[in-house]
Amino acid sequence: MKNLILLLCLSIGFIAKGQESEMKEIDTRANSFFESYEDYQANKPIEGVKLAEMSFNTVKIDKDGKIVKVKEANMPSSWFCDEQGILMRVFDKNIYFVIVDGAICHYVKFKEANAQFPYNPKTNLIRTDYIFQPWNSEQPFREYYSESITSEILVLKGKYWEELLTKYDLKKQYDSDKLKREAKDSVLDYKNKEWRKKVKYKKLINEKIKEN
């Protein structure tokens, strides 16, 4: 509950910075499960089962109107969406947020951090820049990737990240894209700026791959 309250506070602060023009409605696939990634794309959910709750200690599903607690390894499917419509993938008995979907996919492990879109409770709209909230403030979460949406999920190491930036001619741009630290930024605020910058360049790398 403490983490959820902090996340809501971060969302309100983020929205208050004059960025409401980029808000959108929550994806209609929210809380749904899918037999495959293709079914997710086609919006063909599994009938009779919905995500009911997903917190650090508990995952519950609504199965034909009955709320059932399940382990990550025993989810109804490897593909589902959270309450905001963010795609989730189960791999090797762990749940991951799919942060970037493309030629190279990028993930955050749910047991290490929460990833949500800033939410405006007044309009019931969300913004598409992530807020990342590590469950353990003393231990930054790791970043993960896969070379396709269905392939093995691996830890994204710094050396490989540098190689990707160099390979797709983005290293100089990335290094010169300096972040502004504002007086009102908390440590977590600034870390989120760093994480969102990386998401931006992960998407740019996929755009470069698509062009080739």
# chains A, B, ... in the order shown; residues from 1 in each chain; ligands from 1
call {"tool": "residues_around", "arguments": {"residues": "segment 112-129 of chain A", "least_positions_apart": "5", "cutoff": "6 Å", "atoms": "only C-alpha atoms", "output": "VMD selection string"}}
result
chain A and resid 11 23 to 25 134 to 135 141
call {"tool": "select_by_dssp", "arguments": {"residues": "segment 21-92 of chain A", "states": "strand (DSSP E)", "output": "list in words"}}
result
Met23, Lys24, Glu25, Phe33, Phe34, Val49, Lys50, Leu51, Ala52, Glu53, Met54, Val59, Lys60, Ile61, Asp62, Lys63, Lys66, Ile67, Val68, Lys69, Trp79, Phe80, Cys81, Leu87, Met88, Arg89, Val90 and Phe91 of chain A
call {"tool": "select_by_dssp", "arguments": {"residues": "segment 33-176 of chain A", "states": "helix (DSSP H, G or I)", "output": "ChimeraX atom specification"}}
result
/A:37-41,72-74,158-167,171-176
call {"tool": "closest_residue", "arguments": {"among": "A:Tyr37, A:Tyr144, A:Phe91, A:Tyr168", "to": "Glu207 of chain A", "atoms": "only C-alpha atoms"}}
result
A:Tyr168
call {"tool": "closest_residue", "arguments": {"among": "A:Leu164, A:Ile149, A:Ala52, A:Ile61", "to": "Phe97 of chain A", "atoms": "only C-alpha atoms"}}
result
A:Ile149
call {"tool": "residues_around", "arguments": {"residues": "Thr58 of chain A", "least_positions_apart": "3", "cutoff": "12 Å", "atoms": "only C-alpha atoms", "output": "PDB file with C-alpha atoms, in the first residue's frame"}}
result
ATOM      1  CA  MET A   1       0.000   0.000   0.000  1.00  0.00           C
ATOM      2  CA  LEU A  51      -6.601 -10.203 -13.486  1.00  0.00           C
ATOM      3  CA  ALA A  52      -8.116  -9.186 -10.134  1.00  0.00           C
ATOM      4  CA  GLU A  53      -5.086  -7.959  -8.187  1.00  0.00           C
ATOM      5  CA  MET A  54      -1.346  -7.728  -8.659  1.00  0.00           C
ATOM      6  CA  SER A  55       0.817  -6.476  -5.804  1.00  0.00           C
ATOM      7  CA  ILE A  61      -7.302 -13.727 -10.762  1.00  0.00           C
ATOM      8  CA  VAL A  68      -8.319 -17.090  -6.737  1.00  0.00           C
ATOM      9  CA  LYS A  69      -4.778 -16.430  -5.483  1.00  0.00           C
ATOM     10  CA  VAL A  70      -2.113 -17.767  -7.864  1.00  0.00           C
ATOM     11  CA  LYS A  71       1.663 -18.006  -8.015  1.00  0.00           C
ATOM     12  CA  GLU A  72       3.577 -16.305 -10.806  1.00  0.00           C
ATOM     13  CA  PHE A 110       7.817  -7.325 -11.447  1.00  0.00           C
ATOM     14  CA  LYS A 111       9.519  -8.665  -8.309  1.00  0.00           C
TER      15      LYS A 111
END
call {"tool": "residues_around", "arguments": {"residues": "Ser78 of chain A", "least_positions_apart": "4", "cutoff": "12 Å", "atoms": "only C-alpha atoms", "output": "ChimeraX atom specification"}}
result
/A:32-37,39-40,46,72-74,87-98,149-150
call {"tool": "write_last_selection", "arguments": {"atoms": "N, CA and C atoms", "output": "PDB file, in the first residue's frame"}}
result
ATOM      1  N   SER A  32      -6.815  -8.413 -18.968  1.00  0.00           N
ATOM      2  CA  SER A  32      -7.152  -9.589 -19.774  1.00  0.00           C
ATOM      3  C   SER A  32      -5.959 -10.527 -19.952  1.00  0.00           C
ATOM      4  N   PHE A  33      -6.253 -11.805 -20.156  1.00  0.00           N
ATOM      5  CA  PHE A  33      -5.243 -12.821 -20.461  1.00  0.00           C
ATOM      6  C   PHE A  33      -5.393 -13.254 -21.918  1.00  0.00           C
ATOM      7  N   PHE A  34      -4.271 -13.696 -22.503  1.00  0.00           N
ATOM      8  CA  PHE A  34      -4.268 -14.091 -23.911  1.00  0.00           C
ATOM      9  C   PHE A  34      -3.498 -15.394 -24.083  1.00  0.00           C
ATOM     10  N   GLU A  35      -3.967 -16.232 -24.992  1.00  0.00           N
ATOM     11  CA  GLU A  35      -3.302 -17.507 -25.240  1.00  0.00           C
ATOM     12  C   GLU A  35      -1.925 -17.312 -25.871  1.00  0.00           C
ATOM     13  N   SER A  36      -1.767 -16.239 -26.630  1.00  0.00           N
ATOM     14  CA  SER A  36      -0.519 -15.990 -27.341  1.00  0.00           C
ATOM     15  C   SER A  36      -0.315 -14.498 -27.538  1.00  0.00           C
ATOM     16  N   TYR A  37       0.883 -14.140 -27.954  1.00  0.00           N
ATOM     17  CA  TYR A  37       1.169 -12.739 -28.274  1.00  0.00           C
ATOM     18  C   TYR A  37       0.312 -12.286 -29.452  1.00  0.00           C
ATOM     19  N   ASP A  39      -2.680 -13.284 -30.156  1.00  0.00           N
ATOM     20  CA  ASP A  39      -4.026 -13.008 -29.643  1.00  0.00           C
ATOM     21  C   ASP A  39      -4.068 -11.665 -28.917  1.00  0.00           C
ATOM     22  N   TYR A  40      -2.978 -11.322 -28.241  1.00  0.00           N
ATOM     23  CA  TYR A  40      -2.892 -10.005 -27.598  1.00  0.00           C
ATOM     24  C   TYR A  40      -2.997  -8.910 -28.651  1.00  0.00           C
ATOM     25  N   ILE A  46      -8.734 -14.445 -23.393  1.00  0.00           N
ATOM     26  CA  ILE A  46      -9.286 -15.710 -22.901  1.00  0.00           C
ATOM     27  C   ILE A  46     -10.573 -15.390 -22.141  1.00  0.00           C
ATOM     28  N   GLU A  72       3.143 -16.800  -9.501  1.00  0.00           N
ATOM     29  CA  GLU A  72       3.577 -16.305 -10.806  1.00  0.00           C
ATOM     30  C   GLU A  72       3.763 -17.447 -11.795  1.00  0.00           C
ATOM     31  N   ALA A  73       4.253 -18.582 -11.299  1.00  0.00           N
ATOM     32  CA  ALA A  73       4.525 -19.727 -12.172  1.00  0.00           C
ATOM     33  C   ALA A  73       3.253 -20.411 -12.656  1.00  0.00           C
ATOM     34  N   ASN A  74       2.115 -20.085 -12.014  1.00  0.00           N
ATOM     35  CA  ASN A  74       0.860 -20.768 -12.349  1.00  0.00           C
ATOM     36  C   ASN A  74      -0.190 -19.827 -12.927  1.00  0.00           C
ATOM     37  N   LEU A  87       1.339  -4.564 -21.288  1.00  0.00           N
ATOM     38  CA  LEU A  87       1.553  -5.977 -21.583  1.00  0.00           C
ATOM     39  C   LEU A  87       2.523  -6.586 -20.580  1.00  0.00           C
ATOM     40  N   MET A  88       2.169  -7.759 -20.063  1.00  0.00           N
ATOM     41  CA  MET A  88       2.997  -8.504 -19.127  1.00  0.00           C
ATOM     42  C   MET A  88       3.345  -9.850 -19.756  1.00  0.00           C
ATOM     43  N   ARG A  89       4.538 -10.323 -19.458  1.00  0.00           N
ATOM     44  CA  ARG A  89       4.962 -11.630 -19.972  1.00  0.00           C
ATOM     45  C   ARG A  89       5.484 -12.480 -18.818  1.00  0.00           C
ATOM     46  N   VAL A  90       5.074 -13.733 -18.776  1.00  0.00           N
ATOM     47  CA  VAL A  90       5.595 -14.675 -17.788  1.00  0.00           C
ATOM     48  C   VAL A  90       6.683 -15.507 -18.462  1.00  0.00           C
ATOM     49  N   PHE A  91       7.878 -15.465 -17.888  1.00  0.00           N
ATOM     50  CA  PHE A  91       9.001 -16.235 -18.432  1.00  0.00           C
ATOM     51  C   PHE A  91       9.793 -16.841 -17.282  1.00  0.00           C
ATOM     52  N   ASP A  92      10.046 -18.128 -17.364  1.00  0.00           N
ATOM     53  CA  ASP A  92      10.835 -18.826 -16.345  1.00  0.00           C
ATOM     54  C   ASP A  92      10.272 -18.569 -14.941  1.00  0.00           C
ATOM     55  N   LYS A  93       8.934 -18.642 -14.822  1.00  0.00           N
ATOM     56  CA  LYS A  93       8.208 -18.517 -13.557  1.00  0.00           C
ATOM     57  C   LYS A  93       8.237 -17.118 -12.949  1.00  0.00           C
ATOM     58  N   ASN A  94       8.581 -16.106 -13.746  1.00  0.00           N
ATOM     59  CA  ASN A  94       8.594 -14.723 -13.276  1.00  0.00           C
ATOM     60  C   ASN A  94       7.764 -13.844 -14.200  1.00  0.00           C
ATOM     61  N   ILE A  95       7.134 -12.817 -13.617  1.00  0.00           N
ATOM     62  CA  ILE A  95       6.344 -11.858 -14.386  1.00  0.00           C
ATOM     63  C   ILE A  95       7.220 -10.659 -14.747  1.00  0.00           C
ATOM     64  N   TYR A  96       7.114 -10.228 -16.002  1.00  0.00           N
ATOM     65  CA  TYR A  96       7.867  -9.068 -16.487  1.00  0.00           C
ATOM     66  C   TYR A  96       6.920  -8.056 -17.132  1.00  0.00           C
ATOM     67  N   PHE A  97       7.199  -6.767 -16.901  1.00  0.00           N
ATOM     68  CA  PHE A  97       6.560  -5.711 -17.680  1.00  0.00           C
ATOM     69  C   PHE A  97       7.258  -5.643 -19.031  1.00  0.00           C
ATOM     70  N   VAL A  98       6.497  -5.630 -20.116  1.00  0.00           N
ATOM     71  CA  VAL A  98       7.083  -5.406 -21.439  1.00  0.00           C
ATOM     72  C   VAL A  98       7.136  -3.892 -21.639  1.00  0.00           C
ATOM     73  N   ILE A 149       9.961 -10.979 -29.158  1.00  0.00           N
ATOM     74  CA  ILE A 149       8.978 -10.943 -28.076  1.00  0.00           C
ATOM     75  C   ILE A 149       8.763 -12.310 -27.434  1.00  0.00           C
ATOM     76  N   THR A 150       9.148 -13.381 -28.117  1.00  0.00           N
ATOM     77  CA  THR A 150       8.933 -14.720 -27.564  1.00  0.00           C
ATOM     78  C   THR A 150      10.223 -15.434 -27.173  1.00  0.00           C
TER      79      THR A 150
END
call {"tool": "closest_residue", "arguments": {"among": "A:Asp175, A:Asn57, A:Lys208, A:Thr28", "to": "Asp82 of chain A", "atoms": "only C-alpha atoms"}}
result
A:Thr28
call {"tool": "atom_distance", "arguments": {"atom1": "atom CA of Trp195 of chain A", "atom2": "atom CA of Asp169 of chain A"}}
result
20.0 Å
call {"tool": "atom_distance", "arguments": {"atom1": "atom CA of Leu204 of chain A", "atom2": "atom CA of Gly85 of chain A"}}
result
22.5 Å
call {"tool": "atom_distance", "arguments": {"atom1": "atom CA of Ala103 of chain A", "atom2": "atom CA of Phe132 of chain A"}}
result
22.8 Å
call {"tool": "residues_around", "arguments": {"residues": "Gln173 of chain A", "least_positions_apart": "4", "cutoff": "12 Å", "atoms": "only C-alpha atoms", "output": "PyMOL selection string"}}
result
chain A and resi 165-166+168-169+177-178+197+200-201+204-205
call {"tool": "closest_residue", "arguments": {"among": "A:Glu163, A:Glu83, A:Glu194, A:Asp27", "to": "Lys50 of chain A", "atoms": "only C-alpha atoms"}}
result
A:Glu83
call {"tool": "residues_around", "arguments": {"residues": "Ser146 of chain A", "least_positions_apart": "4", "cutoff": "8 Å", "atoms": "only C-alpha atoms", "output": "list of chain:residue names"}}
result
A:Ile104, A:Cys105, A:His106, A:Thr150, A:Ser151, A:Glu152, A:Ile153, A:Leu154
call {"tool": "write_last_selection", "arguments": {"atoms": "N, CA and C atoms", "output": "mmCIF file, in the first residue's frame"}}
result
data_model
loop_
_atom_site.group_PDB
_atom_site.id
_atom_site.type_symbol
_atom_site.label_atom_id
_atom_site.label_comp_id
_atom_site.auth_asym_id
_atom_site.auth_seq_id
_atom_site.Cartn_x
_atom_site.Cartn_y
_atom_site.Cartn_z
ATOM 1 N N ILE A 104 13.988 -5.621 -30.690
ATOM 2 C CA ILE A 104 14.607 -5.950 -29.407
ATOM 3 C C ILE A 104 13.636 -5.497 -28.325
ATOM 4 N N CYS A 105 13.191 -6.425 -27.500
ATOM 5 C CA CYS A 105 12.217 -6.110 -26.454
ATOM 6 C C CYS A 105 12.932 -5.845 -25.133
ATOM 7 N N HIS A 106 12.362 -4.965 -24.344
ATOM 8 C CA HIS A 106 12.967 -4.614 -23.060
ATOM 9 C C HIS A 106 11.937 -4.778 -21.944
ATOM 10 N N THR A 150 9.148 -13.381 -28.117
ATOM 11 C CA THR A 150 8.933 -14.720 -27.564
ATOM 12 C C THR A 150 10.223 -15.434 -27.173
ATOM 13 N N SER A 151 11.374 -14.786 -27.361
ATOM 14 C CA SER A 151 12.643 -15.463 -27.068
ATOM 15 C C SER A 151 13.061 -15.278 -25.612
ATOM 16 N N GLU A 152 14.166 -15.899 -25.245
ATOM 17 C CA GLU A 152 14.659 -15.906 -23.868
ATOM 18 C C GLU A 152 14.909 -14.491 -23.353
ATOM 19 N N ILE A 153 14.507 -14.251 -22.109
ATOM 20 C CA ILE A 153 14.740 -12.952 -21.472
ATOM 21 C C ILE A 153 16.068 -12.996 -20.727
ATOM 22 N N LEU A 154 16.929 -12.013 -21.016
ATOM 23 C CA LEU A 154 18.271 -11.950 -20.449
ATOM 24 C C LEU A 154 18.494 -10.611 -19.758
#
call {"tool": "decode", "arguments": {"residues": "segment 31-68 of chain A", "atoms": "N, CA and C atoms", "output": "tab-separated table (two decimals), in the first residue's frame"}}
result
chain	number	residue	atom	x	y	z
A	31	ASN	N	-6.34	-5.97	-17.76
A	31	ASN	CA	-6.74	-7.10	-16.90
A	31	ASN	C	-7.10	-8.37	-17.67
A	32	SER	N	-6.81	-8.41	-18.97
A	32	SER	CA	-7.15	-9.59	-19.77
A	32	SER	C	-5.96	-10.53	-19.95
A	33	PHE	N	-6.25	-11.80	-20.16
A	33	PHE	CA	-5.24	-12.82	-20.46
A	33	PHE	C	-5.39	-13.25	-21.92
A	34	PHE	N	-4.27	-13.70	-22.50
A	34	PHE	CA	-4.27	-14.09	-23.91
A	34	PHE	C	-3.50	-15.39	-24.08
A	35	GLU	N	-3.97	-16.23	-24.99
A	35	GLU	CA	-3.30	-17.51	-25.24
A	35	GLU	C	-1.93	-17.31	-25.87
A	36	SER	N	-1.77	-16.24	-26.63
A	36	SER	CA	-0.52	-15.99	-27.34
A	36	SER	C	-0.32	-14.50	-27.54
A	37	TYR	N	0.88	-14.14	-27.95
A	37	TYR	CA	1.17	-12.74	-28.27
A	37	TYR	C	0.31	-12.29	-29.45
A	38	GLU	N	0.08	-13.18	-30.41
A	38	GLU	CA	-0.75	-12.85	-31.57
A	38	GLU	C	-2.18	-12.54	-31.14
A	39	ASP	N	-2.68	-13.28	-30.16
A	39	ASP	CA	-4.03	-13.01	-29.64
A	39	ASP	C	-4.07	-11.67	-28.92
A	40	TYR	N	-2.98	-11.32	-28.24
A	40	TYR	CA	-2.89	-10.00	-27.60
A	40	TYR	C	-3.00	-8.91	-28.65
A	41	GLN	N	-2.24	-9.05	-29.74
A	41	GLN	CA	-2.27	-8.05	-30.81
A	41	GLN	C	-3.65	-7.93	-31.42
A	42	ALA	N	-4.33	-9.07	-31.55
A	42	ALA	CA	-5.66	-9.08	-32.17
A	42	ALA	C	-6.78	-8.78	-31.18
A	43	ASN	N	-6.41	-8.56	-29.91
A	43	ASN	CA	-7.38	-8.29	-28.84
A	43	ASN	C	-8.41	-9.42	-28.74
A	44	LYS	N	-7.89	-10.64	-28.62
A	44	LYS	CA	-8.74	-11.82	-28.45
A	44	LYS	C	-8.44	-12.45	-27.09
A	45	PRO	N	-9.02	-11.92	-26.02
A	45	PRO	CA	-8.72	-12.41	-24.67
A	45	PRO	C	-9.31	-13.78	-24.38
A	46	ILE	N	-8.73	-14.45	-23.39
A	46	ILE	CA	-9.29	-15.71	-22.90
A	46	ILE	C	-10.57	-15.39	-22.14
A	47	GLU	N	-11.63	-16.07	-22.45
A	47	GLU	CA	-12.92	-15.81	-21.79
A	47	GLU	C	-12.96	-16.42	-20.39
A	48	GLY	N	-13.64	-15.74	-19.48
A	48	GLY	CA	-13.87	-16.28	-18.15
A	48	GLY	C	-12.76	-16.07	-17.15
A	49	VAL	N	-11.70	-15.36	-17.53
A	49	VAL	CA	-10.61	-15.12	-16.59
A	49	VAL	C	-10.09	-13.69	-16.75
A	50	LYS	N	-9.89	-13.03	-15.62
A	50	LYS	CA	-9.40	-11.66	-15.59
A	50	LYS	C	-8.39	-11.51	-14.45
A	51	LEU	N	-7.50	-10.55	-14.59
A	51	LEU	CA	-6.60	-10.20	-13.49
A	51	LEU	C	-7.40	-9.42	-12.45
A	52	ALA	N	-7.36	-9.85	-11.20
A	52	ALA	CA	-8.12	-9.19	-10.13
A	52	ALA	C	-7.23	-8.29	-9.28
A	53	GLU	N	-6.00	-8.73	-9.04
A	53	GLU	CA	-5.09	-7.96	-8.19
A	53	GLU	C	-3.66	-8.39	-8.48
A	54	MET	N	-2.76	-7.41	-8.50
A	54	MET	CA	-1.35	-7.73	-8.66
A	54	MET	C	-0.53	-6.76	-7.81
A	55	SER	N	-0.02	-7.26	-6.69
A	55	SER	CA	0.82	-6.48	-5.80
A	55	SER	C	2.09	-7.26	-5.55
A	56	PHE	N	3.02	-6.66	-4.80
A	56	PHE	CA	4.33	-7.30	-4.59
A	56	PHE	C	4.19	-8.71	-4.01
A	57	ASN	N	3.27	-8.88	-3.08
A	57	ASN	CA	3.13	-10.17	-2.40
A	57	ASN	C	2.01	-11.06	-2.93
A	58	THR	N	1.13	-10.49	-3.73
A	58	THR	CA	-0.08	-11.23	-4.10
A	58	THR	C	-0.47	-11.02	-5.56
A	59	VAL	N	-0.81	-12.12	-6.22
A	59	VAL	CA	-1.44	-12.05	-7.54
A	59	VAL	C	-2.74	-12.84	-7.45
A	60	LYS	N	-3.84	-12.19	-7.81
A	60	LYS	CA	-5.15	-12.85	-7.78
A	60	LYS	C	-5.82	-12.72	-9.14
A	61	ILE	N	-6.54	-13.76	-9.52
A	61	ILE	CA	-7.30	-13.73	-10.76
A	61	ILE	C	-8.78	-13.94	-10.47
A	62	ASP	N	-9.60	-13.43	-11.35
A	62	ASP	CA	-11.05	-13.64	-11.29
A	62	ASP	C	-11.38	-14.71	-12.33
A	63	LYS	N	-11.67	-15.91	-11.84
A	63	LYS	CA	-11.98	-17.03	-12.73
A	63	LYS	C	-13.46	-17.36	-12.63
A	64	ASP	N	-14.19	-16.98	-13.66
A	64	ASP	CA	-15.64	-17.20	-13.69
A	64	ASP	C	-16.33	-16.65	-12.45
A	65	GLY	N	-15.88	-15.46	-12.01
A	65	GLY	CA	-16.50	-14.79	-10.88
A	65	GLY	C	-15.93	-15.16	-9.53
A	66	LYS	N	-15.00	-16.10	-9.48
A	66	LYS	CA	-14.38	-16.52	-8.23
A	66	LYS	C	-12.95	-15.99	-8.16
A	67	ILE	N	-12.62	-15.28	-7.07
A	67	ILE	CA	-11.28	-14.71	-6.90
A	67	ILE	C	-10.34	-15.78	-6.36
A	68	VAL	N	-9.26	-16.03	-7.09
A	68	VAL	CA	-8.32	-17.09	-6.74
A	68	VAL	C	-6.91	-16.52	-6.67
